[in-house]
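Participant: So that you have it, the file is entry.cif, and it contains mmCIF, C-alpha atoms:
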data_protein
#
loop_
_atom_site.label_atom_id
_atom_site.label_comp_id
_atom_site.auth_asym_id
_atom_site.auth_seq_id
_atom_site.Cartn_x
_atom_site.Cartn_y
_atom_site.Cartn_z
CA MET A 1 127.52 108.39 118.93
CA ALA A 2 124.79 107.51 116.42
CA VAL A 3 121.28 108.83 117.00
CA GLN A 4 118.13 106.97 116.04
CA SER A 5 115.69 109.82 115.54
CA SER A 6 115.53 113.29 114.02
CA ASN A 7 113.88 114.36 117.29
CA ALA A 8 116.69 114.41 119.83
CA LYS A 9 114.19 114.81 122.68
CA CYS A 10 112.26 111.63 121.96
CA GLY A 11 114.90 109.27 123.31
CA ASP A 12 114.38 105.52 123.12
CA VAL A 13 110.60 105.41 122.69
CA GLU A 14 108.25 103.76 120.26
CA ALA A 15 107.87 105.48 116.91
CA GLY A 16 104.12 105.51 117.23
CA SER A 17 104.13 107.48 120.47
CA MET A 18 106.98 109.91 120.00
CA ASP A 19 106.74 113.53 118.88
CA ILE A 20 107.69 113.42 115.21
CA LEU A 21 110.05 116.17 114.16
CA ILE A 22 110.55 117.04 110.48
CA HIS A 23 113.37 119.50 109.91
CA THR A 24 113.68 122.18 107.26
CA PRO A 25 115.78 121.56 104.15
CA ASP A 26 119.53 122.04 104.62
CA SER A 27 119.16 121.66 108.38
CA THR A 28 122.27 122.02 110.52
CA GLU A 29 120.83 119.97 113.40
CA SER A 30 123.31 117.57 115.01
CA CYS A 31 121.26 114.47 114.12
CA PHE A 32 122.24 114.97 110.46
CA THR A 33 125.98 115.27 110.98
CA PRO A 34 128.24 112.56 109.53
CA ASP A 35 129.37 111.54 113.00
CA ALA A 36 125.82 111.10 114.32
CA PHE A 37 123.67 109.77 111.50
CA PRO A 38 123.33 105.92 111.44
CA TYR A 39 124.10 105.32 107.75
CA HIS A 40 124.18 101.55 108.21
CA ARG A 41 120.50 101.63 109.14
CA LEU A 42 119.64 103.38 105.89
CA MET A 43 121.28 100.66 103.79
CA GLU A 44 118.27 98.41 103.26
CA LYS A 45 115.02 98.17 101.30
CA TRP A 46 112.30 100.77 101.86
CA THR A 47 108.69 101.00 100.72
CA VAL A 48 107.24 104.36 99.64
CA MET A 49 103.99 104.59 101.63
CA ALA A 50 103.06 108.16 100.73
CA SER A 51 104.35 110.78 98.33
CA THR A 52 103.70 114.16 96.77
CA LEU A 53 105.78 113.42 93.65
CA PRO A 54 103.85 113.23 90.33
CA LEU A 55 106.24 110.43 89.31
CA TRP A 56 104.41 107.99 91.61
CA LYS A 57 100.87 108.95 90.58
CA GLY A 58 99.24 105.86 89.10
CA ARG A 59 102.15 103.60 90.13
CA LYS A 60 102.23 100.95 92.85
CA ASN A 61 104.69 98.77 94.78
CA VAL A 62 107.32 101.51 94.85
CA THR A 63 110.47 100.51 96.73
CA ILE A 64 113.88 102.11 97.22
CA SER A 65 116.92 100.00 98.12
CA TYR A 66 120.22 101.50 99.26
CA SER A 67 123.40 99.41 99.36
CA GLN A 68 127.14 99.85 99.63
CA ILE A 69 129.23 100.11 96.47
CA GLY A 70 132.19 97.79 96.90
CA ASP A 71 134.32 99.06 99.77
CA GLN A 72 133.36 102.72 99.34
CA PRO A 73 132.23 104.45 102.57
CA ILE A 74 128.44 104.63 102.87
CA ASN A 75 128.67 108.06 104.47
CA GLU A 76 129.95 109.34 101.09
CA THR A 77 128.17 107.36 98.36
CA PHE A 78 125.93 104.33 97.82
CA LEU A 79 123.84 102.49 95.25
CA ASP A 80 120.19 103.49 94.84
CA GLN A 81 117.79 100.99 93.23
CA VAL A 82 114.20 102.00 92.55
CA GLN A 83 111.58 99.39 91.64
CA PHE A 84 107.89 99.87 90.88
CA SER A 85 104.88 98.58 88.98
CA TRP A 86 104.13 100.88 86.05
CA SER A 87 100.37 100.96 86.63
CA GLU A 88 97.98 100.36 89.51
CA THR A 89 96.33 97.77 87.25
CA THR A 90 99.54 95.79 86.70
CA ALA A 91 98.93 92.14 87.58
CA PRO A 92 100.46 91.01 90.89
CA GLY A 93 103.69 89.10 90.36
CA THR A 94 104.64 91.03 87.22
CA ALA A 95 108.35 91.87 87.13
CA PRO A 96 108.88 95.45 88.33
CA TRP A 97 110.47 98.29 86.43
CA THR A 98 113.95 98.96 87.81
CA LEU A 99 116.05 102.11 87.79
CA GLU A 100 119.52 102.16 89.31
CA GLY A 101 121.53 105.19 90.29
CA VAL A 102 124.24 106.40 92.62
CA ASP A 103 123.75 108.82 95.51
CA THR A 104 126.68 111.03 96.48
CA VAL A 105 126.83 113.39 99.45
CA ARG A 106 126.62 117.03 98.41
CA ARG A 107 129.24 119.23 99.97
CA VAL A 108 129.15 122.99 100.40
CA ASP A 109 130.05 124.85 97.20
CA ARG A 110 130.71 128.48 96.46
CA ARG A 111 127.05 129.15 95.67
CA GLU A 112 125.96 128.31 99.19
CA GLU A 113 126.12 130.96 101.85
CA SER A 114 126.37 128.92 105.04
CA GLU A 115 129.47 126.90 105.81
CA ALA A 116 127.37 125.17 108.47
CA LYS A 117 125.71 123.18 105.70
CA ALA A 118 128.94 121.21 105.47
CA GLN A 119 127.83 119.52 108.68
CA ASN A 120 124.72 118.05 107.03
CA GLY A 121 125.73 114.56 105.87
CA VAL A 122 122.38 113.50 104.40
CA ARG A 123 122.13 115.85 101.39
CA TYR A 124 122.62 113.90 98.16
CA ARG A 125 123.03 114.23 94.40
CA TRP A 126 121.39 111.33 92.54
CA GLY A 127 122.50 110.25 89.09
CA ALA A 128 121.26 107.32 87.02
CA THR A 129 123.68 104.64 85.85
CA GLY A 130 124.06 102.93 82.49
CA LEU A 131 122.09 104.14 79.47
CA MET A 132 119.56 105.87 81.72
CA ALA A 133 122.27 108.36 82.69
CA TRP A 134 121.70 109.96 79.26
CA ILE A 135 117.94 110.16 79.77
CA CYS A 136 117.27 110.90 83.45
CA PRO A 137 118.28 114.31 84.80
CA ARG A 138 120.29 114.44 87.99
CA ALA A 139 118.36 115.23 91.15
CA ASN A 140 119.14 116.62 94.59
CA TRP A 141 117.48 115.11 97.63
CA GLN A 142 117.94 114.95 101.39
CA LEU A 143 116.50 113.55 104.59
CA LEU A 144 114.28 115.81 106.69
CA GLY A 145 113.29 113.33 109.38
CA PHE A 146 113.81 109.75 110.46
CA PHE A 147 113.42 107.03 113.05
CA LEU A 148 116.04 104.28 112.68
CA ALA A 149 116.03 101.93 115.64
CA GLU A 150 119.35 100.39 116.63
CA ASP A 151 117.55 97.33 117.99
CA PRO A 152 116.80 94.98 115.03
CA LYS A 153 113.67 93.80 116.85
CA ARG A 154 112.24 97.30 116.40
CA SER A 155 113.07 97.72 112.70
CA ASP A 156 109.36 97.60 111.82
CA GLU A 157 109.09 101.07 113.36
CA ASP A 158 111.68 102.61 111.03
CA TRP A 159 110.72 105.48 108.73
CA VAL A 160 112.35 108.33 106.84
CA VAL A 161 111.10 111.47 105.11
CA THR A 162 112.94 112.53 101.97
CA TYR A 163 112.74 115.90 100.23
CA PHE A 164 113.49 116.38 96.52
CA ASP A 165 114.51 119.75 95.14
CA LYS A 166 112.62 121.31 92.25
CA THR A 167 114.12 120.66 88.81
CA LEU A 168 113.39 121.93 85.30
CA PHE A 169 111.07 118.96 84.83
CA THR A 170 109.66 118.19 88.29
CA PRO A 171 108.30 120.14 91.27
CA ALA A 172 109.77 119.89 94.74
CA GLY A 173 108.33 116.94 96.62
CA LEU A 174 108.33 114.60 99.59
CA ASP A 175 108.33 110.84 100.10
CA ILE A 176 107.65 108.83 103.25
CA TYR A 177 109.54 105.52 103.37
CA VAL A 178 108.91 102.72 105.86
CA ARG A 179 110.85 99.54 106.49
CA ASN A 180 107.90 97.18 106.82
CA PRO A 181 104.65 98.40 105.20
CA LYS A 182 102.69 95.48 106.65
CA ALA A 183 103.55 96.53 110.20
CA PHE A 184 103.58 100.31 109.73
CA ASN A 185 99.95 101.39 109.48
CA MET A 186 98.56 104.49 107.80
CA SER A 187 97.69 106.14 111.10
CA LYS A 188 101.42 106.49 111.78
CA VAL A 189 101.96 107.76 108.25
CA ARG A 190 99.29 110.41 108.83
CA LYS A 191 101.15 111.58 111.94
CA ILE A 192 104.28 112.04 109.84
CA ILE A 193 102.28 113.93 107.19
CA SER A 194 100.84 116.18 109.89
CA ALA A 195 104.35 116.96 111.12
CA CYS A 196 105.38 117.86 107.56
CA GLN A 197 102.39 120.19 107.27
CA LYS A 198 103.56 122.06 110.36
CA ASN A 199 107.10 122.57 109.03
CA SER A 200 108.49 126.09 109.22
CA ASP A 201 109.61 125.94 105.59
CA ALA A 202 106.92 127.22 103.21
CA VAL A 203 107.90 124.89 100.36
CA VAL A 204 107.71 121.82 102.60
CA ARG A 205 104.32 122.92 103.93
CA THR A 206 102.98 123.46 100.42
CA CYS A 207 104.28 120.09 99.23
CA SER A 208 102.74 118.39 102.26
CA GLU A 209 99.25 119.36 101.20
CA GLY A 210 99.63 117.10 98.17
CA PHE A 211 100.41 113.80 99.91
CA PHE A 212 98.74 110.67 98.51
CA GLU A 213 99.00 107.03 99.47
CA VAL A 214 101.08 104.88 97.12
CA PRO A 215 99.23 101.55 96.64
CA ARG A 216 100.90 98.17 96.87
CA ASP A 217 99.92 94.57 96.38
CA GLN A 218 99.29 92.82 99.66
#
Can the structure from this file be put into structure tokens for me?

Facilitator:
Amino acid sequence: MAVQSSNAKCGDVEAGSMDILIHTPDSTESCFTPDAFPYHRLMEKWTVMASTLPLWKGRKNVTISYSQIGDQPINETFLDQVQFSWSETTAPGTAPWTLEGVDTVRRVDRREESEAKAQNGVRYRWGATGLMAWICPRANWQLLGFFLAEDPKRSDEDWVVTYFDKTLFTPAGLDIYVRNPKAFNMSKVRKIISACQKNSDAVVRTCSEGFFEVPRDQ
């Protein structure tokens, strides 16, 4: 049965009032297993409301869209389209920059100690497509927390927290995505940030101190 929150104790409550739970990287909690996670609810457009990633400093209108690739199962791989305005001073209505890639679930390999990680179905390897595949390095990311309501009438409450591993070129970092930025106010975002800052993982806590709001045109 699919779950709608990374906090199994919250039940069917409003996102704004529930206890937000952000897990550690490579969590083996049941909410992240392939049988439980609601992949179909992830397959839509998201707005980055807050981030710690240097990539989004000085940018605005950052969105991430996930969609199925043909008839391939979305619990294994999907299309990842990033769009953003290059500068905060970019005129409203200007065509966004677009970067497309493919996300593929990362399975346990011989370098990983815990076979239990095989049960985490939301750890991904991102790779750019087209000519950008020769320019952009691959990246590993995963979900640490989420609220994905099954009731479409409550989709404005949806949010996810993504964690990006450190690479040779970029530090580890966090993003907070929301479904509807006009309905999801910054007070809720601050609650999610606070939960990240209380995480038991030292890297996540350190990253969380660097959160900044990503601006967008109204």

Participant: List the neighbours of stretch 194-209 of chain A out to 7 Å using only C-alpha atoms; skip same-chain residues closer than 2 positions along the sequence, and give me the result as a PyMOL selection string.

Facilitator: chain A and resi 20-22+24+52+173-174+190-192+211

Participant: So how many Å separate atom CA of A:Gly93 and atom CA of A:Arg179, to one decimal?

Facilitator: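 Atom-to-atom, atom CA of A:Gly93 to atom CA of A:Arg179, that is 20.5 Å.
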
Participant: For A:Val189, which residue out of A:Ala50, A:Leu42, A:Ala149, A:Leu131 is the nearest one, using only C-alpha atoms?

Facilitator: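 Checking each candidate against A:Val189, we get A:Ala50 as the closest.
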
Participant: I need the output of the PyMOL selection byres ((chain A and resi 70-84) around 8) for this file as a PDB file with C-alpha atoms, in the coordinates of the input; which residues are they?

Facilitator:
ATOM      1  CA  PRO A  34     128.240 112.560 109.530  1.00  0.00           C
ATOM      2  CA  TYR A  39     124.100 105.320 107.750  1.00  0.00           C
ATOM      3  CA  HIS A  40     124.180 101.550 108.210  1.00  0.00           C
ATOM      4  CA  ARG A  59     102.150 103.600  90.130  1.00  0.00           C
ATOM      5  CA  LYS A  60     102.230 100.950  92.850  1.00  0.00           C
ATOM      6  CA  ASN A  61     104.690  98.770  94.780  1.00  0.00           C
ATOM      7  CA  VAL A  62     107.320 101.510  94.850  1.00  0.00           C
ATOM      8  CA  THR A  63     110.470 100.510  96.730  1.00  0.00           C
ATOM      9  CA  ILE A  64     113.880 102.110  97.220  1.00  0.00           C
ATOM     10  CA  SER A  65     116.920 100.000  98.120  1.00  0.00           C
ATOM     11  CA  TYR A  66     120.220 101.500  99.260  1.00  0.00           C
ATOM     12  CA  SER A  67     123.400  99.410  99.360  1.00  0.00           C
ATOM     13  CA  GLN A  68     127.140  99.850  99.630  1.00  0.00           C
ATOM     14  CA  ILE A  69     129.230 100.110  96.470  1.00  0.00           C
ATOM     15  CA  SER A  85     104.880  98.580  88.980  1.00  0.00           C
ATOM     16  CA  TRP A  86     104.130 100.880  86.050  1.00  0.00           C
ATOM     17  CA  PRO A  96     108.880  95.450  88.330  1.00  0.00           C
ATOM     18  CA  TRP A  97     110.470  98.290  86.430  1.00  0.00           C
ATOM     19  CA  THR A  98     113.950  98.960  87.810  1.00  0.00           C
ATOM     20  CA  LEU A  99     116.050 102.110  87.790  1.00  0.00           C
ATOM     21  CA  GLU A 100     119.520 102.160  89.310  1.00  0.00           C
ATOM     22  CA  GLY A 101     121.530 105.190  90.290  1.00  0.00           C
ATOM     23  CA  VAL A 102     124.240 106.400  92.620  1.00  0.00           C
ATOM     24  CA  ASP A 103     123.750 108.820  95.510  1.00  0.00           C
ATOM     25  CA  THR A 104     126.680 111.030  96.480  1.00  0.00           C
ATOM     26  CA  VAL A 105     126.830 113.390  99.450  1.00  0.00           C
ATOM     27  CA  GLY A 121     125.730 114.560 105.870  1.00  0.00           C
TER      28      GLY A 121
END

Participant: Of the residues A:Thr28, A:Pro54, A:Val178, A:Phe212, which is the one nearest to A:Asp156, using only C-alpha atoms?

Facilitator: A:Val178

Participant: Which residues, written as number ranges by chain, have at least one atom at most 12 Å from A:Thr167, with all atoms listed in the file counted and residues fewer than 2 positions away on the same chain left out?

Facilitator: A: 136-141, 164-165, 169-173

Participant: Could you tell me how far atom CA of A:Gly210 lies from atom CA of A:Gln142, in Å and to one decimal?

Facilitator: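 These atoms are spaced 18.7 Å apart.
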
Participant: Would you mind telling me which residue in A:Lys182, A:Arg216, A:Lys57, A:Arg154 lies nearest to A:Gln4 when using all atoms listed in the file?

Facilitator: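 With all atoms listed in the file as the atom set, the closest residue is A:Arg154.
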
Participant: Of the candidates A:Met43, A:Trp159, A:Ser5, A:Gln119, which one gets nearest to A:Asn180 if we count only C-alpha atoms?

Facilitator: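 So, comparing all the options, the nearest one is A:Trp159.
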
Participant: Evaluate the PyMOL selection byres ((chain A and resi 158) around 12) against this structure - the residues, as number ranges by chain, please.

Facilitator: A: 4-6, 14-16, 41-42, 44-47, 145-157, 159-161, 176-181, 183-185, 188-189

Participant: Would you mind reading off the distance between atom CA of A:Val214 and atom CA of A:Met49, one decimal, in Å?

Facilitator: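 These two atoms are separated by 5.4 Å.
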
Participant: Let me know the residues the PyMOL selection byres ((chain A and resi 32) around 9) catches in the file above, as a count of residues only.

Facilitator: 17

Participant: When distances are computed from only C-alpha atoms, which of A:Met186, A:Glu88, A:Leu53, A:Ala95 shows the smallest separation from A:Lys166?

Facilitator: A:Leu53

Participant: Choose the residue, out of A:Thr162, A:Asp217, A:Ala128, A:Pro38, that has the smallest atom-to-atom separation from A:Thr94; count only C-alpha atoms.

Facilitator: A:Asp217

Participant: For stretch 21-34 of chain A, what centre and edge lengths in Å (one decimal) does the axis-aligned box get once 6 Å is added on each side of all its listed atoms, as lines of an AutoDock Vina configuration file?

Facilitator:
center_x = 119.1
center_y = 117.4
center_z = 109.6
size_x = 30.2
size_y = 21.6
size_z = 22.9
